[in-house]
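What follows is the content of protein.csv, which has CSV, C-alpha atoms and all ligand atoms:
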```csv
chain,number,residue,atom,x,y,z
U,30,MET,CA,-100.6,-39.9,-37.5
U,31,LYS,CA,-100.9,-36.2,-38.1
U,32,ILE,CA,-98.0,-33.8,-38.9
U,33,GLU,CA,-98.2,-30.0,-38.7
U,34,VAL,CA,-95.4,-27.6,-39.9
U,35,SER,CA,-95.0,-24.2,-41.3
U,36,ALA,CA,-92.4,-22.4,-43.5
U,37,PRO,CA,-91.8,-18.8,-44.4
U,38,SER,CA,-92.0,-17.0,-47.7
U,39,ASN,CA,-89.1,-15.0,-49.2
U,40,ILE,CA,-88.6,-12.0,-51.4
U,41,ALA,CA,-85.8,-12.0,-54.0
U,42,LEU,CA,-83.6,-9.0,-54.5
U,43,ILE,CA,-81.6,-10.7,-57.2
U,44,LYS,CA,-84.1,-12.6,-59.2
U,45,TYR,CA,-84.4,-16.2,-60.3
U,46,MET,CA,-85.7,-15.8,-63.8
U,47,GLY,CA,-84.8,-18.4,-66.5
U,48,LYS,CA,-84.0,-22.0,-66.1
U,49,ILE,CA,-81.3,-24.3,-67.7
U,50,ASP,CA,-83.4,-27.3,-66.7
U,51,THR,CA,-87.2,-27.0,-66.4
U,52,ALA,CA,-87.7,-30.4,-64.8
U,53,GLY,CA,-85.4,-29.8,-61.9
U,54,ASN,CA,-85.8,-26.0,-61.7
U,55,ARG,CA,-82.1,-25.3,-62.2
U,56,PRO,CA,-81.6,-21.6,-62.5
U,57,THR,CA,-79.5,-19.8,-65.2
U,58,ASN,CA,-78.2,-17.4,-62.5
U,59,SER,CA,-77.8,-17.0,-58.8
U,60,SER,CA,-80.6,-15.4,-56.8
U,61,PHE,CA,-80.6,-13.8,-53.4
U,62,SER,CA,-83.5,-13.3,-51.0
U,63,PHE,CA,-84.7,-12.0,-47.7
U,64,THR,CA,-86.8,-14.4,-45.7
U,65,LEU,CA,-90.2,-13.1,-44.6
U,66,ASP,CA,-90.4,-15.0,-41.4
U,67,GLU,CA,-93.9,-13.8,-40.4
U,68,LEU,CA,-95.5,-14.7,-43.7
U,69,ARG,CA,-96.0,-18.5,-43.6
U,70,THR,CA,-97.7,-21.4,-45.1
U,71,PHE,CA,-99.0,-24.0,-42.7
U,72,VAL,CA,-99.2,-27.7,-43.8
U,73,GLU,CA,-100.9,-30.5,-42.1
U,74,ILE,CA,-100.6,-34.1,-43.4
U,75,GLU,CA,-102.8,-37.0,-42.2
U,76,LYS,CA,-102.6,-40.6,-43.3
U,77,THR,CA,-105.9,-41.8,-44.7
U,78,GLY,CA,-105.1,-45.4,-45.7
U,79,ASP,CA,-102.5,-47.9,-46.8
U,80,LYS,CA,-103.5,-48.0,-50.4
U,81,GLU,CA,-101.4,-45.9,-52.8
U,82,GLY,CA,-102.7,-43.3,-55.2
U,83,GLN,CA,-105.4,-41.6,-53.2
U,84,ASP,CA,-103.7,-38.5,-52.0
U,85,ASP,CA,-105.9,-35.4,-51.7
U,86,TRP,CA,-105.4,-31.7,-51.0
U,87,GLN,CA,-107.8,-29.6,-48.8
U,88,PRO,CA,-107.7,-26.1,-47.5
U,89,LEU,CA,-106.6,-25.9,-43.9
U,90,SER,CA,-109.0,-23.8,-41.8
U,91,GLY,CA,-108.5,-22.2,-38.5
U,92,PRO,CA,-108.0,-18.8,-36.8
U,93,GLY,CA,-105.3,-16.7,-38.4
U,94,PHE,CA,-105.5,-18.5,-41.8
U,95,ALA,CA,-106.5,-16.4,-44.8
U,96,PRO,CA,-109.2,-18.1,-47.0
U,97,PHE,CA,-107.4,-20.2,-49.5
U,98,GLU,CA,-108.4,-22.2,-52.6
U,99,MET,CA,-105.9,-23.7,-55.0
U,100,SER,CA,-106.5,-23.9,-58.7
U,101,GLU,CA,-106.8,-27.4,-60.2
U,102,ASN,CA,-103.4,-27.0,-61.8
U,103,GLY,CA,-102.0,-25.8,-58.5
U,104,LYS,CA,-103.3,-28.9,-56.7
U,105,ILE,CA,-101.9,-31.2,-59.3
U,106,ARG,CA,-98.5,-29.6,-59.0
U,107,PHE,CA,-98.6,-29.6,-55.2
U,108,LEU,CA,-99.6,-33.3,-55.0
U,109,ARG,CA,-97.1,-34.2,-57.6
U,110,HIS,CA,-94.4,-32.8,-55.4
U,111,PHE,CA,-95.9,-34.6,-52.4
U,112,GLN,CA,-95.7,-37.9,-54.3
U,113,SER,CA,-92.2,-37.4,-55.4
U,114,LEU,CA,-91.2,-36.5,-51.8
U,115,LYS,CA,-93.0,-39.7,-50.5
U,116,LYS,CA,-91.0,-41.7,-53.0
U,117,GLU,CA,-87.7,-40.0,-52.2
U,118,LEU,CA,-88.2,-40.4,-48.4
U,119,GLY,CA,-89.6,-43.9,-48.5
U,120,LEU,CA,-93.2,-43.3,-47.4
U,121,ASN,CA,-96.2,-45.5,-48.4
U,122,GLY,CA,-100.0,-45.1,-48.3
U,123,SER,CA,-102.4,-42.4,-49.0
U,124,TYR,CA,-102.7,-39.0,-47.2
U,125,VAL,CA,-104.7,-35.9,-47.1
U,126,VAL,CA,-102.5,-32.7,-47.3
U,127,ARG,CA,-104.1,-29.6,-45.9
U,128,SER,CA,-102.5,-26.1,-46.3
U,129,ALA,CA,-103.2,-22.4,-45.8
U,130,ASN,CA,-101.3,-19.2,-45.6
U,131,ASN,CA,-101.4,-16.7,-42.8
U,132,PHE,CA,-101.2,-13.9,-45.4
U,133,PRO,CA,-103.8,-12.9,-48.0
U,134,SER,CA,-103.3,-14.5,-51.4
U,135,ASP,CA,-104.1,-11.3,-53.2
U,136,CYS,CA,-101.3,-9.2,-51.8
U,137,GLY,CA,-98.8,-10.0,-54.5
U,138,LEU,CA,-96.7,-12.4,-52.5
U,139,ALA,CA,-95.7,-15.6,-54.3
U,140,SER,CA,-97.0,-18.3,-52.0
U,141,SER,CA,-95.4,-21.1,-53.9
U,142,ALA,CA,-92.1,-20.5,-52.1
U,143,SER,CA,-93.6,-21.0,-48.6
U,144,SER,CA,-96.1,-23.7,-49.8
U,145,PHE,CA,-93.5,-26.0,-51.3
U,146,ALA,CA,-91.0,-25.4,-48.5
U,147,ALA,CA,-93.7,-26.2,-45.9
U,148,LEU,CA,-94.8,-29.3,-47.8
U,149,THR,CA,-91.2,-30.5,-48.1
U,150,LEU,CA,-90.6,-30.0,-44.3
U,151,ALA,CA,-93.9,-31.7,-43.5
U,152,VAL,CA,-93.0,-34.8,-45.4
U,153,SER,CA,-89.5,-35.0,-43.9
U,154,LYS,CA,-91.1,-34.7,-40.4
U,155,LEU,CA,-93.5,-37.5,-41.4
U,156,ALA,CA,-90.6,-39.7,-42.5
U,157,GLN,CA,-88.7,-38.9,-39.3
U,158,GLU,CA,-91.6,-39.9,-37.2
U,159,SER,CA,-91.8,-43.1,-39.1
U,160,GLY,CA,-88.3,-43.9,-38.2
U,161,ARG,CA,-86.5,-42.8,-41.4
U,162,GLU,CA,-83.3,-40.8,-41.4
U,163,THR,CA,-83.8,-37.1,-41.6
U,164,PRO,CA,-82.2,-35.2,-44.5
U,165,SER,CA,-80.2,-32.1,-43.6
U,166,ARG,CA,-81.7,-28.6,-44.2
U,167,PHE,CA,-79.4,-28.3,-47.2
U,168,GLU,CA,-80.7,-31.6,-48.7
U,169,LEU,CA,-84.3,-30.6,-48.0
U,170,ALA,CA,-83.8,-27.3,-49.7
U,171,GLU,CA,-82.5,-29.1,-52.8
U,172,VAL,CA,-85.5,-31.4,-52.8
U,173,SER,CA,-87.9,-28.5,-52.4
U,174,ARG,CA,-86.3,-26.7,-55.3
U,175,LYS,CA,-87.6,-29.4,-57.6
U,176,GLY,CA,-91.1,-28.6,-56.6
U,177,SER,CA,-90.7,-24.8,-57.0
U,178,GLY,CA,-87.4,-23.1,-57.4
U,179,SER,CA,-87.8,-20.1,-55.1
U,180,SER,CA,-88.9,-22.4,-52.2
U,181,CYS,CA,-85.3,-23.6,-51.7
U,182,ARG,CA,-84.4,-20.1,-50.4
U,183,SER,CA,-87.1,-20.3,-47.6
U,184,PHE,CA,-85.0,-22.9,-45.7
U,185,PHE,CA,-82.5,-20.2,-44.6
U,186,ALA,CA,-82.9,-16.9,-42.8
U,187,PRO,CA,-82.7,-14.0,-42.9
U,188,TRP,CA,-80.7,-14.1,-46.1
U,189,ALA,CA,-80.5,-17.0,-48.6
U,190,LEU,CA,-78.2,-17.3,-51.6
U,191,TRP,CA,-79.1,-19.8,-54.3
U,192,THR,CA,-76.4,-20.3,-56.9
U,193,PRO,CA,-76.5,-22.7,-59.9
U,194,THR,CA,-74.5,-25.1,-57.7
U,195,GLY,CA,-76.3,-24.9,-54.3
U,196,ILE,CA,-78.3,-23.0,-51.6
U,197,ARG,CA,-76.9,-21.6,-48.4
U,198,PRO,CA,-77.6,-19.0,-45.8
U,199,LEU,CA,-75.6,-15.7,-45.8
U,200,ASP,CA,-74.5,-13.7,-42.9
U,201,LEU,CA,-74.8,-10.0,-43.5
U,202,PRO,CA,-74.6,-7.0,-41.2
U,203,VAL,CA,-78.1,-5.9,-42.4
U,204,GLN,CA,-80.9,-7.7,-40.4
U,205,ASN,CA,-84.4,-7.1,-38.9
U,206,LEU,CA,-85.7,-5.5,-42.1
U,207,ARG,CA,-89.4,-4.7,-42.3
U,208,HIS,CA,-91.4,-5.6,-45.4
U,209,SER,CA,-94.4,-4.0,-47.0
U,210,VAL,CA,-96.3,-4.6,-50.2
U,211,VAL,CA,-98.2,-1.8,-51.9
U,212,VAL,CA,-101.1,-3.7,-53.5
U,213,VAL,CA,-101.8,-2.0,-56.8
U,214,THR,CA,-104.1,-4.9,-57.9
U,215,SER,CA,-105.3,-8.1,-56.4
U,216,ALA,CA,-106.3,-9.5,-59.8
U,217,LYS,CA,-104.9,-12.9,-60.6
U,218,LYS,CA,-101.9,-12.7,-62.9
U,219,LYS,CA,-102.3,-13.9,-66.4
U,220,VAL,CA,-98.8,-15.3,-66.9
U,221,SER,CA,-97.5,-17.5,-64.1
U,222,SER,CA,-93.9,-17.3,-62.9
U,223,SER,CA,-93.3,-20.8,-64.3
U,224,GLU,CA,-94.5,-19.6,-67.7
U,225,ALA,CA,-92.4,-16.4,-67.4
U,226,HIS,CA,-89.3,-18.6,-66.8
U,227,ARG,CA,-90.1,-20.4,-70.1
U,228,ARG,CA,-90.7,-17.2,-72.1
U,229,VAL,CA,-87.8,-15.0,-71.0
U,230,VAL,CA,-85.3,-17.0,-72.9
U,231,THR,CA,-86.8,-15.8,-76.1
U,232,SER,CA,-85.9,-12.1,-75.3
U,233,PRO,CA,-82.8,-10.7,-77.1
U,234,LEU,CA,-82.0,-9.2,-73.7
U,235,PHE,CA,-81.6,-12.7,-72.2
U,236,THR,CA,-78.1,-12.8,-73.8
U,237,GLY,CA,-76.0,-11.5,-71.0
U,238,ARG,CA,-78.7,-11.8,-68.3
U,239,PRO,CA,-76.8,-14.4,-66.2
U,240,GLU,CA,-73.7,-12.1,-66.2
U,241,ARG,CA,-75.7,-9.0,-65.3
U,242,ALA,CA,-77.4,-10.8,-62.4
U,243,GLU,CA,-74.1,-12.2,-61.1
U,244,ALA,CA,-72.4,-8.8,-61.3
U,245,ARG,CA,-75.3,-7.2,-59.5
U,246,LEU,CA,-75.3,-9.9,-56.8
U,247,ALA,CA,-71.6,-9.2,-56.1
U,248,ASP,CA,-72.3,-5.4,-56.0
U,249,LEU,CA,-75.3,-5.9,-53.7
U,250,LEU,CA,-73.5,-8.1,-51.2
U,251,ALA,CA,-70.6,-5.5,-51.1
U,252,ALA,CA,-73.2,-2.7,-50.6
U,253,PHE,CA,-74.8,-4.6,-47.7
U,254,ARG,CA,-71.4,-5.5,-46.2
U,255,GLU,CA,-70.5,-1.8,-46.3
U,256,LYS,CA,-74.0,-0.9,-45.0
U,257,ASP,CA,-74.5,1.4,-48.1
U,258,TRP,CA,-78.3,1.4,-48.1
U,259,GLU,CA,-78.6,3.8,-51.0
U,260,GLN,CA,-76.3,1.7,-53.2
U,261,ALA,CA,-78.3,-1.4,-52.3
U,262,TYR,CA,-81.5,0.5,-53.3
U,263,GLN,CA,-80.1,1.4,-56.7
U,264,ILE,CA,-78.9,-2.1,-57.4
U,265,CYS,CA,-82.3,-3.7,-56.5
U,266,TRP,CA,-84.1,-1.1,-58.6
U,267,SER,CA,-82.0,-2.0,-61.7
U,268,GLU,CA,-82.5,-5.7,-61.0
U,269,PHE,CA,-86.3,-5.7,-61.0
U,270,TRP,CA,-86.4,-3.5,-64.1
U,271,ASP,CA,-84.0,-5.9,-65.8
U,272,MET,CA,-86.4,-8.7,-65.1
U,273,HIS,CA,-89.4,-6.7,-66.2
U,274,ALA,CA,-87.6,-5.7,-69.4
U,275,LEU,CA,-87.1,-9.4,-70.2
U,276,PHE,CA,-90.8,-9.9,-69.9
U,277,GLU,CA,-91.6,-7.0,-72.2
U,278,THR,CA,-89.1,-8.1,-74.8
U,279,SER,CA,-90.0,-11.8,-74.9
U,280,LYS,CA,-91.7,-13.3,-77.9
U,281,PRO,CA,-94.6,-12.9,-77.4
U,282,ALA,CA,-94.1,-10.0,-75.0
U,283,PHE,CA,-96.0,-10.0,-71.7
U,284,GLY,CA,-95.9,-7.8,-68.7
U,285,TYR,CA,-97.3,-7.1,-65.2
U,286,ILE,CA,-96.8,-3.3,-64.8
U,287,GLU,CA,-100.0,-1.3,-64.3
U,288,PRO,CA,-100.5,2.5,-64.2
U,289,GLY,CA,-100.7,2.2,-60.4
U,290,THR,CA,-97.3,0.5,-60.3
U,291,ILE,CA,-95.7,3.4,-62.0
U,292,GLU,CA,-97.4,5.8,-59.7
U,293,VAL,CA,-96.1,4.0,-56.6
U,294,LEU,CA,-92.6,3.7,-58.0
U,295,GLN,CA,-92.5,7.4,-58.9
U,296,THR,CA,-93.6,8.3,-55.4
U,297,ILE,CA,-90.9,6.2,-53.8
U,298,ARG,CA,-88.3,7.7,-56.1
U,299,GLU,CA,-89.4,11.2,-55.2
U,300,ILE,CA,-89.1,10.3,-51.5
U,301,TRP,CA,-85.6,9.1,-52.1
U,302,GLN,CA,-84.8,12.3,-54.0
U,303,SER,CA,-86.2,14.6,-51.3
U,304,GLU,CA,-85.2,12.7,-48.1
U,305,LYS,CA,-81.9,11.2,-49.5
U,306,ASP,CA,-83.2,8.0,-47.9
U,307,GLY,CA,-86.1,5.6,-48.5
U,308,PRO,CA,-86.9,1.9,-48.7
U,309,ILE,CA,-85.4,-0.7,-51.0
U,310,VAL,CA,-87.8,-1.4,-53.8
U,311,THR,CA,-88.4,-4.6,-55.7
U,312,MET,CA,-91.1,-6.4,-57.7
U,313,ASP,CA,-91.8,-10.0,-58.5
U,314,ALA,CA,-93.6,-11.3,-61.5
U,315,GLY,CA,-96.7,-9.1,-60.6
U,316,ALA,CA,-97.9,-5.5,-60.5
U,317,ASN,CA,-97.5,-4.9,-56.8
U,318,VAL,CA,-94.5,-3.1,-55.2
U,319,HIS,CA,-92.4,-4.7,-52.4
U,320,LEU,CA,-90.6,-2.4,-50.0
U,321,LEU,CA,-88.0,-3.2,-47.4
U,322,PHE,CA,-87.3,-0.8,-44.6
U,323,ARG,CA,-84.5,-0.8,-42.0
U,324,ASP,CA,-85.7,-1.2,-38.5
U,325,ASN,CA,-85.0,2.5,-37.8
U,326,GLN,CA,-87.4,3.5,-40.7
U,327,THR,CA,-90.7,2.6,-39.0
U,328,GLU,CA,-92.0,6.2,-39.2
U,329,LEU,CA,-91.2,6.3,-42.9
U,330,GLN,CA,-93.0,2.9,-43.4
U,331,LYS,CA,-96.1,4.3,-41.7
U,332,LYS,CA,-95.9,7.5,-43.7
U,333,ILE,CA,-95.7,5.6,-47.0
U,334,HIS,CA,-98.6,3.4,-46.0
U,335,SER,CA,-100.8,6.4,-45.1
U,336,PHE,CA,-99.7,8.2,-48.3
U,337,PHE,CA,-101.1,5.3,-50.5
U,338,HIS,CA,-104.2,4.8,-48.4
U,339,PRO,CA,-107.0,4.6,-49.3
U,340,LYS,CA,-106.2,4.3,-53.0
U,341,TYR,CA,-104.0,1.2,-52.6
U,342,SER,CA,-104.0,-1.1,-49.6
U,343,CYS,CA,-100.6,-1.8,-48.0
U,344,PHE,CA,-99.7,-5.1,-46.4
U,345,SER,CA,-97.0,-5.2,-43.8
U,346,SER,CA,-95.4,-8.4,-42.5
U,347,GLY,CA,-95.3,-7.2,-38.9
U,348,ALA,CA,-99.0,-6.1,-38.9
U,349,MET,CA,-101.1,-8.7,-40.7
U,350,THR,CA,-103.6,-7.1,-43.0
U,351,THR,CA,-103.4,-3.4,-43.0
U,352,SER,CA,-105.3,-1.1,-45.3
U,353,GLY,CA,-102.9,1.7,-45.4
U,354,GLN,CA,-102.7,2.4,-41.6
U,355,GLY,CA,-99.2,1.1,-41.1
U,401,LIG,C1,-90.2,-13.7,-60.1
U,401,LIG,O1,-90.1,-20.2,-57.9
U,401,LIG,O2,-92.4,-19.3,-58.7
U,401,LIG,O3,-90.6,-14.6,-58.0
U,401,LIG,O4,-89.6,-22.7,-60.1
U,401,LIG,O5,-91.3,-22.5,-61.8
U,401,LIG,O6,-92.0,-22.6,-59.4
U,401,LIG,P1,-90.9,-22.2,-60.4
U,401,LIG,O7,-90.9,-20.6,-60.3
U,401,LIG,P2,-90.9,-19.7,-59.0
U,401,LIG,O8,-90.2,-18.4,-59.6
U,401,LIG,C2,-90.1,-17.2,-58.9
U,401,LIG,C3,-89.7,-16.1,-59.8
U,401,LIG,C4,-89.7,-14.7,-59.1
U,401,LIG,C5,-88.3,-14.3,-58.7
U,401,LIG,C6,-87.7,-15.0,-57.5
U,401,LIG,O9,-88.4,-15.3,-56.5
U,401,LIG,O10,-86.5,-15.1,-57.5
```
Let me see the file written as structure tokens.
Ligand code: DP6
Amino acid sequence: MKIEVSAPSNIALIKYMGKIDTAGNRPTNSSFSFTLDELRTFVEIEKTGDKEGQDDWQPLSGPGFAPFEMSENGKIRFLRHFQSLKKELGLNGSYVVRSANNFPSDCGLASSASSFAALTLAVSKLAQESGRETPSRFELAEVSRKGSGSSCRSFFAPWALWTPTGIRPLDLPVQNLRHSVVVVTSAKKKVSSSEAHRRVVTSPLFTGRPERAEARLADLLAAFREKDWEQAYQICWSEFWDMHALFETSKPAFGYIEPGTIEVLQTIREIWQSEKDGPIVTMDAGANVHLLFRDNQTELQKKIHSFFHPKYSCFSSGAMTTSGQG
């Protein structure tokens, strides 16, 4: 039996950073994300035998898949989640799990969200086809969270809210956003997000962080409900700087911001100042800059891509791999 599924990535506007429970990835604060429907991880699972303990991971190849290799640690973590899913859903035997993304791994997009969500969905489909009861989407999101926290938000679209007590979709009057990443560097990051979660609690700024994130979340949802795009931009700007300030004030301090990051951020700020409009800006635990545009800002999105080209490549969700051409 062979199962094939895919799941989308997501970009957080209010960040999950800091855990109260590392084992179950329980967050210290709520996070809120936009689902990137076109950026997906594809997972294929095939049974290889009845004996336990011989699960394996391989890259999935095929047209439309970006070349993909997982680090040894990445494979161990992925297969560990696979094994705990098998146990939870009552599956036996050995399997080969193949996976790939339809987006380049060097564009600053956390692929762990889509990878773990797709793996969770694939195992639930396998269990369903073997006659087991299918868990609800909410239950699957909870299970996926244990593999990688941010993956639980990929079960809902276009908006997902993950609070310390659960995950749910949100209905907001802002939809059909377009997403771009300005790729300042494609170098592998030195501190993983999981390590960042562990270190930020040592920052003196971590005191009050859950309260700041919750207050910003309330303000951001109000801004979206009132369709106040500029207010939303300002809140998201403060939020990613808050997270990067935690990184820089941890003990030992670490950081992701590169000279190019500052250049891109300054340019976007100048656009906002001169046009009184612009994209929402956010950053993950990396140097690259994520932009969200309204669907009536396609000209601005193209303009920004060409502005940064050829110095930095831009990746846009709608147009697979662009190098600045929009
Ligand atoms: C900065 O979900 O990658 O992207 O739960 O340890 O797998 P683990 O961490 P992960 O953390 C993502 C952190 C972030 C912000 C966010 O997506 O909310």
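If you measure from each of U:Phe107, U:Lys154, U:Ser346, U:Leu329 to Asn131 of chain U using only C-alpha atoms, the closest one turns out to be U:Ser346.
Here atom O2 of ligand LIG 401 (chain U) and atom CA of Phe63 of chain U stand 15.3 Å from one another.
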Skipping near chain neighbours, those fewer than 5 positions away, what residues fall within 8 Å of segment 95-104 of chain U using all atoms listed in the file, listed as an NGL selection string? :U and (86 or 88 or 90 or 129-134)
Distance filter 10 Å around ligand LIG 401 (chain U), atoms: all atoms listed in the file, out as number ranges by chain: U: 38-48, 51-56, 58-62, 106, 138-143, 145, 173-182, 191, 221-227, 269, 272-273, 312-315
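Here atom CA of Val34 of chain U is placed at a distance of 5.4 Å from atom CA of Val72 of chain U.
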Distance atom CA of Asn121 of chain U-atom CA of Ile32 of chain U, one decimal place? 15.2 Å
Would you mind listing what lies within 9 Å of segment 184-190 of chain U as an MDAnalysis selection string, with all atoms listed in the file counted and same-chain residues fewer than 4 positions away left out? chainID U and resid 36:37 39 59:66 146 166:167 169:170 180 195:201 204:205
Segment 126-219 of chain U residues near segment 331-335 of chain U within 12 Å, closest pair each, using only C-alpha atoms, as JSON lines:
```
{"residue": "U:Arg207", "atom": "CA", "partner": "U:Lys331", "partner_atom": "CA", "distance": 11.2}
{"residue": "U:His208", "atom": "CA", "partner": "U:His334", "partner_atom": "CA", "distance": 11.5}
{"residue": "U:Ser209", "atom": "CA", "partner": "U:His334", "partner_atom": "CA", "distance": 8.6}
{"residue": "U:Val210", "atom": "CA", "partner": "U:His334", "partner_atom": "CA", "distance": 9.3}
{"residue": "U:Val211", "atom": "CA", "partner": "U:His334", "partner_atom": "CA", "distance": 7.9}
{"residue": "U:Val212", "atom": "CA", "partner": "U:His334", "partner_atom": "CA", "distance": 10.6}
```
Using all atoms listed in the file, the residue out of U:Thr327, U:Gln83, U:Ser215, U:Gln263 with shortest distance to Tyr341 of chain U is U:Ser215
Out of U:Pro308, U:Pro193, U:Gly78, U:Pro281, which residue has the shortest atom-to-atom distance to Ala261 of chain U when counting only C-alpha atoms? U:Pro308
Closest of U:Thr149, U:Asp84, U:Phe336, U:Ala274 to Ser232 of chain U - atom-to-atom distances counting only C-alpha atoms: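 Smallest distance to Ser232 of chain U is found for U:Ala274.
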Residues near segment 233-239 of chain U, anyone? I mean within 7 Å using all atoms listed in the file, not counting same-chain ones fewer than 2 positions away, as a list in words.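 Returned residues: Thr57, Asn58, Val229, Val230, Thr231, Arg241, Ala242, Glu243 and Leu275 of chain U.
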Distance query Arg254 of chain U at most 8 Å, all atoms listed in the file, self and fewer than 4 positions along chain excluded, as a PyMOL selection string: chain U and resi 201-203+250
Determine the nearest neighbour of Arg298 of chain U from the options U:Glu162, U:Tyr285, U:Glu117, U:Tyr262, counting all atoms listed in the file.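 Using all atoms listed in the file, Arg298 of chain U sits closest to U:Tyr262.
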Which residues are close to Glu75 of chain U, i.e. within 7 Å by only C-alpha atoms, leaving aside same-chain residues fewer than 6 positions away? Reply as a list in words.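 Within the cut-off, the hits are Met30, Lys31, Ile32, Tyr124, Val125 and Val126 of chain U.
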Restricting the calculation to all atoms listed in the file: of U:Leu246, U:Ala216, U:Leu108, U:Cys265, which residue gets closest to Ser144 of chain U?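 Ranking U:Leu246, U:Ala216, U:Leu108, U:Cys265 by distance to Ser144 of chain U, first place goes to U:Leu108.
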